[in-house]
Amino acid sequence: MGRQWHLWGVTVLLLATAATAADVPRFVSPRKFWGQLVYQVKPLKPEKVVALTFDDGPWGSSTRQVLQILKEEDVKATFFALGKHALMYPDVIVDIVKAGHAVGNHSWSHPYKAVAAEVAKQEIENTSALIAKQSQAQTRLFRPPGGNLTTGLVDYAKSKNYAIIMWSVDTHDTRPNTTAADIVERTLREVKAGSIILLHDGGGDRTTTRKALPTLIRRLRQKGYRFVTVPELLHLAVKAPTPQPSLSPVPLPTPESLPSPESVPTP
């Protein structure tokens with residue numbers, strides 16, 4: 001039997017029996033990348049690999065539609081989740097992990113401006129804790145909101161051995177006038193082996209991104225690219241397996257430590 005904790009109307013199921021260490025998904029980087037900014041990598045072998053990444057989810061039906069496209073195309077990707085959205089859609093993180101995708105931390109509330117050190121800690125720790133409690137997945141991948149390196153979040157993430165995952169291909173899929181064809185062609189112009197491609201599954205209407213995604217995947221495959229998750233991409237850049245950071249079990253965030261809830265967004 002399990003216990004249920006109710007956080008502002010959102011139910012999080014806690015299993016009474018903890019999973020074994022082998023059962024816990026761990027999205028971590030080789031030691032080489034601990035505390036480092038990663039824009040792209042250079043695979044040791046001359047292999048055309050790329051990583052698709054999605055920011056600002058989970059976002060209700062939008063993220064689920066992205067997951068369905070990835071399933072149909074047999075592609076694994078990496079989702080950088082916002083804590084406040086994971087709280088609203090607790091089952092979507094579970095589905096992402098079950099489908100074999102990787103999950104990273106994108107902060108709790110997506111701050112663009114500098115925050116106090118204690119706030120930076122809460123932004124990251126609360127998000128990772130909620131991801132772990134929802135899906136058992138433990139992550140040490142962090143993507144700063146907007147790619148901003150000066151908010152204080154990156155400094156805290158570095159101190160905890162997160163790899164700071166940036167991107168080398170910006171599809172500009174959130175720009176109002178961007179078309180699906182623009183997303184595809186921009187990516188094809190800039191992509192190279194080891195590229196990290198920035199897309200979005202949440203934060204607004206992502207119809208254009210979803211429309212572009214199947215064509216983008218197929219065009220990249222035609223050019224010989226293979227798709228991997230960010231952790232897989234990072235491991236292709238090192239010579240041998242490296243020790244993983246020690247990830248102690250994380251506590252369930254309490255209503256006192258979590259930021260105030262927001263209304264559930266419309267996908």
# chains A, B, ... in the order shown; residues from 1 in each chain; ligands from 1
call {"tool": "residues_around", "arguments": {"residues": "Lys113 of chain A", "least_positions_apart": "3", "cutoff": "9 Å", "atoms": "only C-alpha atoms", "output": "PDB file with N, CA and C atoms, in the first residue's frame"}}
result
ATOM      1  N   ASN A 148      20.429  32.034 -19.398  1.00  0.00           N
ATOM      2  CA  ASN A 148      21.022  33.095 -18.587  1.00  0.00           C
ATOM      3  C   ASN A 148      21.969  32.497 -17.552  1.00  0.00           C
ATOM      4  N   THR A 150      23.702  34.302 -15.279  1.00  0.00           N
ATOM      5  CA  THR A 150      24.000  35.257 -14.217  1.00  0.00           C
ATOM      6  C   THR A 150      22.892  35.389 -13.174  1.00  0.00           C
ATOM      7  N   THR A 151      21.957  34.465 -13.136  1.00  0.00           N
ATOM      8  CA  THR A 151      20.857  34.565 -12.168  1.00  0.00           C
ATOM      9  C   THR A 151      21.224  34.009 -10.797  1.00  0.00           C
ATOM     10  N   GLY A 152      22.316  33.260 -10.721  1.00  0.00           N
ATOM     11  CA  GLY A 152      22.690  32.579  -9.486  1.00  0.00           C
ATOM     12  C   GLY A 152      22.359  31.107  -9.518  1.00  0.00           C
TER      13      GLY A 152
END
call {"tool": "closest_residue", "arguments": {"among": "A:Leu233, A:Ile93, A:Leu70, A:Val154", "to": "Val28 of chain A", "atoms": "only C-alpha atoms"}}
result
A:Leu233
call {"tool": "residues_around", "arguments": {"residues": "segment 73-78 of chain A", "least_positions_apart": "6", "cutoff": "6 Å", "atoms": "only C-alpha atoms", "output": "MDAnalysis selection string"}}
result
chainID A and resid 52:53 101:103 228:229
call {"tool": "write_last_selection", "arguments": {"atoms": "C-alpha atoms", "output": "CSV table (one decimal), in the first residue's frame"}}
result
chain,number,residue,atom,x,y,z
A,52,LEU,CA,16.9,16.7,-29.2
A,53,THR,CA,16.0,18.6,-26.1
A,101,HIS,CA,13.6,9.6,-22.3
A,102,ALA,CA,15.9,11.6,-20.0
A,103,VAL,CA,14.8,14.4,-17.7
A,228,VAL,CA,20.5,10.0,-28.4
A,229,THR,CA,19.6,11.5,-25.0
call {"tool": "select_by_dssp", "arguments": {"residues": "segment 41-265 of chain A", "states": "strand (DSSP E)", "output": "compact mmCIF listing (two decimals) with C-alpha atoms, in the first residue's frame"}}
result
# COMPACT_ATOMS: atom_id res chain seq x y z
CA VAL A 49 24.78 11.78 -33.24
CA VAL A 50 22.54 14.59 -32.01
CA ALA A 51 20.37 15.22 -28.97
CA LEU A 52 16.88 16.68 -29.21
CA THR A 53 15.96 18.65 -26.09
CA PHE A 54 12.62 20.11 -25.02
CA ASP A 55 12.17 22.93 -22.50
CA ASP A 56 9.41 24.40 -20.33
CA GLY A 57 7.18 21.35 -19.87
CA THR A 78 15.73 14.90 -23.16
CA PHE A 79 13.09 17.02 -21.40
CA PHE A 80 14.14 19.93 -19.18
CA ALA A 81 11.21 20.28 -16.81
CA ALA A 102 15.93 11.61 -20.03
CA VAL A 103 14.79 14.38 -17.69
CA GLY A 104 16.72 17.46 -16.67
CA ASN A 105 16.12 20.34 -14.26
CA GLN A 138 17.38 11.43 -10.17
CA THR A 139 18.95 14.05 -12.39
CA LEU A 141 21.45 17.89 -15.63
CA PHE A 142 20.51 21.57 -15.45
CA ALA A 163 26.27 19.45 -15.88
CA ILE A 164 25.01 22.75 -17.29
CA ILE A 165 23.39 21.78 -20.57
CA VAL A 169 21.33 24.71 -32.37
CA ASP A 170 18.55 27.14 -31.46
CA SER A 195 24.88 19.01 -31.57
CA ILE A 196 22.35 19.73 -28.82
CA ILE A 197 19.15 21.00 -30.41
CA LEU A 198 16.84 23.35 -28.50
CA LEU A 199 13.07 22.89 -28.84
CA HIS A 200 10.10 23.52 -26.53
CA ARG A 226 21.28 9.17 -34.94
CA PHE A 227 19.33 10.47 -31.95
